[in-house]
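Engineer: I am sharing my_file_35.tsv, which consists of TSV, C-alpha atoms:
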chain	number	residue	atom	x	y	z
A	40	MET	CA	0.00	0.00	0.00
A	41	ILE	CA	1.22	3.46	-0.82
A	42	PRO	CA	0.71	6.35	1.64
A	43	SER	CA	-2.89	7.58	1.64
A	44	ARG	CA	-2.15	11.14	0.60
A	45	VAL	CA	-2.15	12.02	-3.06
A	46	PHE	CA	1.22	12.20	-4.78
A	47	LEU	CA	1.65	14.59	-7.65
A	48	ARG	CA	4.51	14.31	-10.07
A	49	ILE	CA	4.47	17.03	-12.65
A	50	ALA	CA	6.40	15.46	-15.44
A	51	ALA	CA	6.86	18.87	-17.10
A	52	THR	CA	6.46	17.34	-20.47
A	53	LEU	CA	6.12	20.45	-22.50
A	54	GLY	CA	6.78	18.32	-25.49
A	55	PHE	CA	5.20	19.79	-28.53
A	56	ALA	CA	4.04	18.07	-31.66
A	57	LEU	CA	4.43	20.12	-34.77
A	58	PHE	CA	1.28	19.81	-36.74
A	59	LEU	CA	2.53	22.99	-38.32
A	60	SER	CA	2.64	22.64	-42.01
A	61	VAL	CA	0.98	25.98	-42.68
A	62	PRO	CA	2.59	29.13	-41.24
A	63	GLY	CA	0.54	30.76	-38.50
A	64	TRP	CA	-1.12	27.58	-37.24
A	65	ALA	CA	-0.96	26.95	-33.49
A	66	GLU	CA	1.23	24.15	-32.18
A	67	GLU	CA	0.12	21.48	-29.72
A	68	TYR	CA	1.80	21.38	-26.30
A	69	ARG	CA	1.33	18.77	-23.55
A	70	GLN	CA	1.90	18.73	-19.81
A	71	THR	CA	1.53	15.51	-17.80
A	72	SER	CA	0.70	15.07	-14.11
A	73	THR	CA	0.52	11.71	-12.31
A	74	PHE	CA	-1.51	10.99	-9.17
A	75	LEU	CA	-1.42	7.82	-7.02
A	76	VAL	CA	-4.31	7.34	-4.59
A	77	ASP	CA	-5.24	4.47	-2.24
A	78	LEU	CA	-8.61	2.78	-2.81
A	79	PHE	CA	-10.28	-0.29	-1.36
A	80	PRO	CA	-10.59	-3.07	-3.97
A	81	ARG	CA	-14.38	-2.60	-4.09
A	82	GLY	CA	-14.33	1.16	-3.74
A	83	ARG	CA	-15.62	3.73	-6.19
A	84	VAL	CA	-14.05	6.06	-8.75
A	85	GLU	CA	-15.93	9.20	-9.78
A	86	ILE	CA	-14.80	11.21	-12.81
A	87	GLU	CA	-16.16	14.53	-14.01
A	88	ALA	CA	-14.44	15.80	-17.15
A	89	ARG	CA	-15.20	18.42	-19.78
A	90	VAL	CA	-13.02	18.10	-22.89
A	91	GLY	CA	-10.60	15.25	-23.66
A	92	ASP	CA	-10.35	11.50	-24.21
A	93	ILE	CA	-10.43	9.05	-21.30
A	94	ARG	CA	-8.96	5.55	-21.14
A	95	ILE	CA	-9.56	3.39	-18.07
A	96	GLU	CA	-7.96	-0.01	-17.41
A	97	ALA	CA	-8.38	-2.53	-14.61
A	98	TRP	CA	-5.56	-3.87	-12.51
A	99	GLU	CA	-5.17	-5.99	-9.36
A	100	LYS	CA	-3.78	-3.29	-7.09
A	101	SER	CA	-5.40	-1.41	-4.21
A	102	PHE	CA	-4.78	2.07	-5.53
A	103	VAL	CA	-5.65	4.25	-8.50
A	104	GLU	CA	-3.12	5.71	-10.91
A	105	VAL	CA	-4.23	8.81	-12.78
A	106	GLU	CA	-2.24	10.26	-15.65
A	107	ALA	CA	-3.66	13.62	-16.69
A	108	HIS	CA	-2.36	15.03	-19.97
A	109	LYS	CA	-3.17	18.68	-20.45
A	110	VAL	CA	-3.25	19.59	-24.14
A	111	VAL	CA	-3.23	23.17	-25.35
A	112	ARG	CA	-2.85	24.84	-28.71
A	113	ALA	CA	-0.76	27.99	-28.71
A	114	GLY	CA	1.57	30.01	-30.89
A	115	SER	CA	4.55	29.62	-28.53
A	116	GLN	CA	5.70	27.73	-25.45
A	117	GLU	CA	5.30	30.87	-23.35
A	118	LYS	CA	1.65	31.16	-24.35
A	119	ALA	CA	1.16	27.43	-23.77
A	120	GLU	CA	2.46	27.68	-20.20
A	121	LYS	CA	-0.06	30.42	-19.46
A	122	ARG	CA	-2.87	28.32	-20.86
A	123	PHE	CA	-1.85	25.29	-18.79
A	124	THR	CA	-2.61	27.29	-15.65
A	125	ARG	CA	-6.18	27.96	-16.79
A	126	VAL	CA	-7.32	24.36	-16.38
A	127	LYS	CA	-6.91	22.49	-13.09
A	128	VAL	CA	-7.03	18.76	-12.37
A	129	HIS	CA	-8.32	17.86	-8.90
A	130	VAL	CA	-7.95	14.41	-7.33
A	131	ASN	CA	-9.51	13.91	-3.89
A	132	SER	CA	-10.09	10.72	-1.97
A	133	ASP	CA	-10.91	8.76	1.10
A	134	ASP	CA	-10.31	5.02	1.33
A	135	GLU	CA	-13.68	4.23	-0.31
A	136	THR	CA	-13.97	6.86	-3.08
A	137	VAL	CA	-11.58	8.60	-5.47
A	138	ARG	CA	-12.93	11.76	-7.10
A	139	ILE	CA	-11.33	13.19	-10.24
A	140	HIS	CA	-12.51	16.34	-11.93
A	141	THR	CA	-11.28	19.11	-14.18
A	142	GLN	CA	-11.85	22.78	-13.48
A	143	TYR	CA	-11.97	25.22	-16.38
A	144	PRO	CA	-12.23	29.01	-16.41
A	145	GLY	CA	-15.71	30.37	-15.85
A	146	ARG	CA	-17.86	30.57	-18.94
A	147	ARG	CA	-19.38	33.77	-20.24
A	148	PRO	CA	-23.12	33.42	-20.94
A	149	TRP	CA	-22.82	35.02	-24.37
A	150	ARG	CA	-19.83	32.84	-25.43
A	151	PRO	CA	-20.11	29.66	-23.31
A	152	LEU	CA	-17.72	27.50	-25.38
A	153	ARG	CA	-15.06	30.09	-26.10
A	154	GLY	CA	-11.58	28.74	-25.35
A	155	ASP	CA	-12.59	25.09	-24.78
A	156	SER	CA	-11.17	24.04	-28.14
A	157	LYS	CA	-7.73	25.25	-27.03
A	158	LEU	CA	-7.78	23.49	-23.64
A	159	SER	CA	-8.33	19.78	-23.11
A	160	VAL	CA	-7.29	17.09	-20.62
A	161	ASP	CA	-6.77	13.46	-21.68
A	162	PHE	CA	-6.84	10.86	-18.89
A	163	HIS	CA	-5.24	7.43	-18.63
A	164	ILE	CA	-6.48	5.78	-15.45
A	165	LYS	CA	-5.76	2.40	-13.84
A	166	MET	CA	-8.09	1.29	-11.06
A	167	PRO	CA	-8.92	-1.85	-9.03
A	168	SER	CA	-10.76	-4.34	-11.23
A	169	GLN	CA	-13.72	-4.80	-8.84
A	170	ALA	CA	-14.27	-1.12	-8.04
A	171	SER	CA	-17.30	0.72	-9.39
A	172	LEU	CA	-17.10	3.62	-11.83
A	173	HIS	CA	-19.19	6.75	-12.29
A	174	LEU	CA	-18.08	8.92	-15.20
A	175	SER	CA	-19.44	12.09	-16.77
A	176	SER	CA	-17.79	13.81	-19.76
A	177	VAL	CA	-18.92	16.62	-22.04
A	178	ASP	CA	-16.72	16.10	-25.09
A	179	GLY	CA	-14.37	13.18	-25.75
A	180	ASP	CA	-14.09	9.47	-26.42
A	181	VAL	CA	-14.09	6.97	-23.55
A	182	ILE	CA	-12.55	3.47	-23.49
A	183	ILE	CA	-13.07	1.23	-20.44
A	184	GLU	CA	-11.41	-2.19	-20.21
A	185	GLY	CA	-11.86	-4.94	-17.65
A	186	ILE	CA	-13.76	-3.15	-14.86
A	187	GLY	CA	-15.93	-5.68	-13.00
A	188	GLY	CA	-17.81	-3.29	-10.72
A	189	HIS	CA	-20.94	-1.32	-11.56
A	190	GLN	CA	-20.50	1.34	-14.22
A	191	GLN	CA	-22.52	4.46	-14.91
A	192	ILE	CA	-21.25	6.40	-17.93
A	193	LYS	CA	-22.62	9.64	-19.35
A	194	VAL	CA	-21.07	11.40	-22.38
A	195	THR	CA	-22.54	14.35	-24.23
A	196	TYR	CA	-20.40	14.28	-27.40
A	197	GLY	CA	-18.19	11.28	-28.17
A	198	SER	CA	-18.05	7.51	-28.33
A	199	VAL	CA	-17.97	5.01	-25.46
A	200	GLU	CA	-16.37	1.57	-25.77
A	201	VAL	CA	-16.71	-0.81	-22.83
A	202	THR	CA	-15.18	-4.27	-22.50
A	203	VAL	CA	-16.63	-6.11	-19.50
A	204	PRO	CA	-14.55	-8.93	-17.96
A	205	SER	CA	-17.18	-11.63	-18.42
A	206	ARG	CA	-20.55	-11.97	-20.14
A	207	ALA	CA	-21.61	-14.52	-17.50
A	208	ARG	CA	-20.94	-12.06	-14.65
A	209	LEU	CA	-22.85	-9.20	-16.29
A	210	ARG	CA	-26.38	-8.90	-14.89
A	211	LYS	CA	-27.77	-5.83	-16.63
A	212	LEU	CA	-26.71	-3.60	-19.50
A	213	HIS	CA	-28.60	-0.58	-20.73
A	214	ALA	CA	-26.96	1.66	-23.32
A	215	SER	CA	-28.42	4.42	-25.47
A	216	THR	CA	-27.48	7.24	-27.80
A	217	TYR	CA	-29.77	10.07	-28.84
A	218	ILE	CA	-28.09	10.41	-32.25
A	219	GLY	CA	-25.43	7.89	-33.30
A	220	PHE	CA	-24.82	4.15	-33.30
A	221	VAL	CA	-24.86	1.16	-30.96
A	222	LEU	CA	-22.92	-2.09	-31.27
A	223	ASN	CA	-23.62	-4.73	-28.65
A	224	ASN	CA	-21.49	-7.82	-29.20
A	225	LEU	CA	-23.09	-9.50	-26.18
A	226	SER	CA	-26.44	-9.84	-27.92
A	227	GLY	CA	-25.51	-9.16	-31.53
A	228	GLU	CA	-27.53	-5.95	-31.69
A	229	SER	CA	-26.38	-2.99	-33.78
A	230	GLY	CA	-27.92	0.06	-35.40
A	231	THR	CA	-27.47	3.67	-36.41
A	232	GLY	CA	-29.88	6.59	-36.22
A	233	ILE	CA	-31.96	8.48	-33.67
A	234	LEU	CA	-32.81	7.13	-30.22
A	235	ARG	CA	-30.79	3.95	-30.54
A	236	ARG	CA	-30.84	1.61	-27.54
A	237	THR	CA	-29.46	-1.77	-26.60
A	238	SER	CA	-29.78	-3.93	-23.50
A	239	PHE	CA	-28.78	-7.22	-21.94
A	240	TRP	CA	-30.20	-9.15	-18.97
A	241	ASN	CA	-28.73	-12.10	-17.12
A	242	PRO	CA	-30.35	-12.89	-13.74
A	243	GLY	CA	-27.32	-14.94	-12.69
A	244	GLY	CA	-24.90	-12.03	-13.05
A	245	SER	CA	-23.84	-9.35	-10.57
A	246	GLN	CA	-22.54	-6.37	-12.60
A	247	ASP	CA	-24.71	-3.49	-13.87
A	248	VAL	CA	-23.60	-1.19	-16.70
A	249	HIS	CA	-25.50	1.93	-17.78
A	250	ILE	CA	-24.25	4.06	-20.67
A	251	ARG	CA	-25.88	7.19	-22.05
A	252	VAL	CA	-24.50	9.18	-25.00
A	253	ARG	CA	-26.17	12.20	-26.53
A	254	LEU	CA	-24.29	12.45	-29.82
A	255	GLY	CA	-21.91	9.61	-30.69
A	256	GLY	CA	-21.60	5.86	-30.43
A	257	VAL	CA	-21.72	3.00	-27.93
A	258	MET	CA	-19.77	-0.26	-28.26
A	259	VAL	CA	-19.95	-3.10	-25.72
A	260	HIS	CA	-17.78	-6.23	-25.74
A	261	SER	CA	-16.88	-9.06	-23.36
A	262	ALA	CA	-13.33	-10.23	-22.71
A	263	VAL	CA	-14.66	-13.72	-21.81
A	264	TRP	CA	-17.85	-15.14	-23.23
Before anything else, please render the file you have as structure tokens.
Structural biologist:
Amino acid sequence: MIPSRVFLRIAATLGFALFLSVPGWAEEYRQTSTFLVDLFPRGRVEIEARVGDIRIEAWEKSFVEVEAHKVVRAGSQEKAEKRFTRVKVHVNSDDETVRIHTQYPGRRPWRPLRGDSKLSVDFHIKMPSQASLHLSSVDGDVIIEGIGGHQQIKVTYGSVEVTVPSRARLRKLHASTYIGFVLNNLSGESGTGILRRTSFWNPGGSQDVHIRVRLGGVMVHSAVW
């Protein structure tokens, strides 16, 4: 077990990728922070994110590892460093719950989305395999692999791909998208359009998974049939 307080290692990775083939385009800069937090094996992870992709993997350890990759687009490293300070990543915990959320600058009512396209946070998270997961994201793709606890996923814009550990251990699945597609390999259902839904019921299982997407797709697989 690691100490219960949160450790932060700012890996000052101001590495920049030059997508710059046309003069005057902004460059992409990244800064990575890593957090290690104790969690009971059957605890709970809560994530509240705004913009960025999220990847979550299961492991057999009694703590959570969070890699937060801030991504900004700016004309210079100096401007990028200023933009990094505008978005905060908060990780709080007790032994039973780990809470992760991003804090962005306040929005102006007349331009609510201004600046979001230049500030995003990608997450790579490893958590105990039997812990439960509650996740809410505004804009970004989500991939979840091997989590055996209950899952409640809500994404406004983006796609969600979930691989459950075992079809036999899954009790209930309900997934929907307002506009987009669903692909349920557990039951063979698939479809594209408006108000697409898919479900699965197994009274002998123990895991519940609920996924709701407003605009995007839902894919559900099983690692073991």
Engineer: For range 95-101 of chain A, please output as a compact mmCIF listing (two decimals) with C-alpha atoms, in the frame of the given file all residues within 12 Å (counting only C-alpha atoms; exclusion window: fewer than 4 positions along the same chain).
Structural biologist:
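See selection.txt below for the written result:
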# COMPACT_ATOMS: atom_id res chain seq x y z
CA MET A 40 0.00 0.00 0.00
CA ILE A 41 1.22 3.46 -0.82
CA PRO A 42 0.71 6.35 1.64
CA SER A 43 -2.89 7.58 1.64
CA LEU A 75 -1.42 7.82 -7.02
CA VAL A 76 -4.31 7.34 -4.59
CA ASP A 77 -5.24 4.47 -2.24
CA LEU A 78 -8.61 2.78 -2.81
CA PHE A 79 -10.28 -0.29 -1.36
CA PRO A 80 -10.59 -3.07 -3.97
CA ARG A 81 -14.38 -2.60 -4.09
CA GLY A 82 -14.33 1.16 -3.74
CA ARG A 83 -15.62 3.73 -6.19
CA VAL A 84 -14.05 6.06 -8.75
CA GLU A 85 -15.93 9.20 -9.78
CA ILE A 86 -14.80 11.21 -12.81
CA VAL A 105 -4.23 8.81 -12.78
CA GLU A 106 -2.24 10.26 -15.65
CA ALA A 107 -3.66 13.62 -16.69
CA ASP A 134 -10.31 5.02 1.33
CA GLU A 135 -13.68 4.23 -0.31
CA THR A 136 -13.97 6.86 -3.08
CA VAL A 137 -11.58 8.60 -5.47
CA ASP A 161 -6.77 13.46 -21.68
CA PHE A 162 -6.84 10.86 -18.89
CA HIS A 163 -5.24 7.43 -18.63
CA ILE A 164 -6.48 5.78 -15.45
CA LYS A 165 -5.76 2.40 -13.84
CA MET A 166 -8.09 1.29 -11.06
CA PRO A 167 -8.92 -1.85 -9.03
CA SER A 168 -10.76 -4.34 -11.23
CA GLN A 169 -13.72 -4.80 -8.84
CA ALA A 170 -14.27 -1.12 -8.04
CA SER A 171 -17.30 0.72 -9.39
CA LEU A 172 -17.10 3.62 -11.83
CA HIS A 173 -19.19 6.75 -12.29
CA LEU A 174 -18.08 8.92 -15.20
CA ASP A 180 -14.09 9.47 -26.42
CA VAL A 181 -14.09 6.97 -23.55
CA ILE A 182 -12.55 3.47 -23.49
CA ILE A 183 -13.07 1.23 -20.44
CA GLU A 184 -11.41 -2.19 -20.21
CA GLY A 185 -11.86 -4.94 -17.65
CA ILE A 186 -13.76 -3.15 -14.86
CA GLY A 187 -15.93 -5.68 -13.00
CA GLY A 188 -17.81 -3.29 -10.72
CA GLN A 190 -20.50 1.34 -14.22
CA VAL A 199 -17.97 5.01 -25.46
CA GLU A 200 -16.37 1.57 -25.77
CA VAL A 201 -16.71 -0.81 -22.83
CA THR A 202 -15.18 -4.27 -22.50
CA VAL A 203 -16.63 -6.11 -19.50
CA PRO A 204 -14.55 -8.93 -17.96
Engineer: Using all atoms listed in the file, pick whichever of A:Gly255, A:Gly145, A:Gly91, A:Gly114 has the shortest atom-to-atom distance to Leu222 in chain A.
Structural biologist: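 That would be A:Gly255, the residue with the smallest distance to Leu222 in chain A.
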Engineer: Here is a test: counting only C-alpha atoms, which residue of A:Val103, A:Val194, A:Val130, A:Ile250 is nearest to Val221 in chain A?
Structural biologist: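 Closest to Val221 in chain A, using only C-alpha atoms: A:Ile250.
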Engineer: With distances taken over only C-alpha atoms, which of A:His249, A:His189, A:His140, A:Arg94 is nearest to Ser215 in chain A?
Structural biologist: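 With only C-alpha atoms as the atom set, the closest residue is A:His249.
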Engineer: Quick one: residues within 12 Å of Ser229 in chain A, all atoms listed in the file, excluding same-chain residues fewer than 4 positions away - as a ChimeraX atom specification?
Structural biologist: /A:214-216,219-225,235-238,256-259
Engineer: Please determine, counting all atoms listed in the file, which residue among A:Asp178, A:Glu120, A:Asp247, A:Glu228 has the shortest atom-to-atom distance to Ser205 in chain A.
Structural biologist: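 Checking each candidate against Ser205 in chain A, we get A:Asp247 as the closest.
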Engineer: Which is closer to Lys193 in chain A than all the others in A:Glu104, A:Glu117, A:Asp133, A:Glu87, using all atoms listed in the file?
Structural biologist: A:Glu87
Engineer: For a quick check of understanding, using all atoms listed in the file, which of A:Arg112, A:Lys211, A:Lys121, A:His129 has the smallest distance to Ala65 in chain A?
Structural biologist: A:Arg112
Engineer: Quick one: distance from CA of Leu212 in chain A to CA of Arg251 in chain A in Å, one decimal?
Structural biologist: 11.1 Å
Engineer: Between CA of His213 in chain A and CA of Ser159 in chain A, what distance in Å does the model show, to one decimal?
Structural biologist: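 We find that CA of His213 in chain A and CA of Ser159 in chain A lie 28.8 Å from each other.
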Engineer: Please report the interatomic distance between CA of Arg89 in chain A and CA of Leu158 in chain A in Å with one decimal.
Structural biologist: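 One can read the CA of Arg89 in chain A to CA of Leu158 in chain A distance as 9.8 Å.
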Engineer: Pick out the residues sitting within 8 Å of Trp264 in chain A, and hand them over as a tab-separated table (two decimals) with C-alpha atoms, keeping the file's coordinate frame; count only C-alpha atoms, and ignore anything fewer than 2 positions along from it in its own chain.
Structural biologist:
chain	number	residue	atom	x	y	z
A	205	SER	CA	-17.18	-11.63	-18.42
A	206	ARG	CA	-20.55	-11.97	-20.14
A	207	ALA	CA	-21.61	-14.52	-17.50
A	261	SER	CA	-16.88	-9.06	-23.36
A	262	ALA	CA	-13.33	-10.23	-22.71
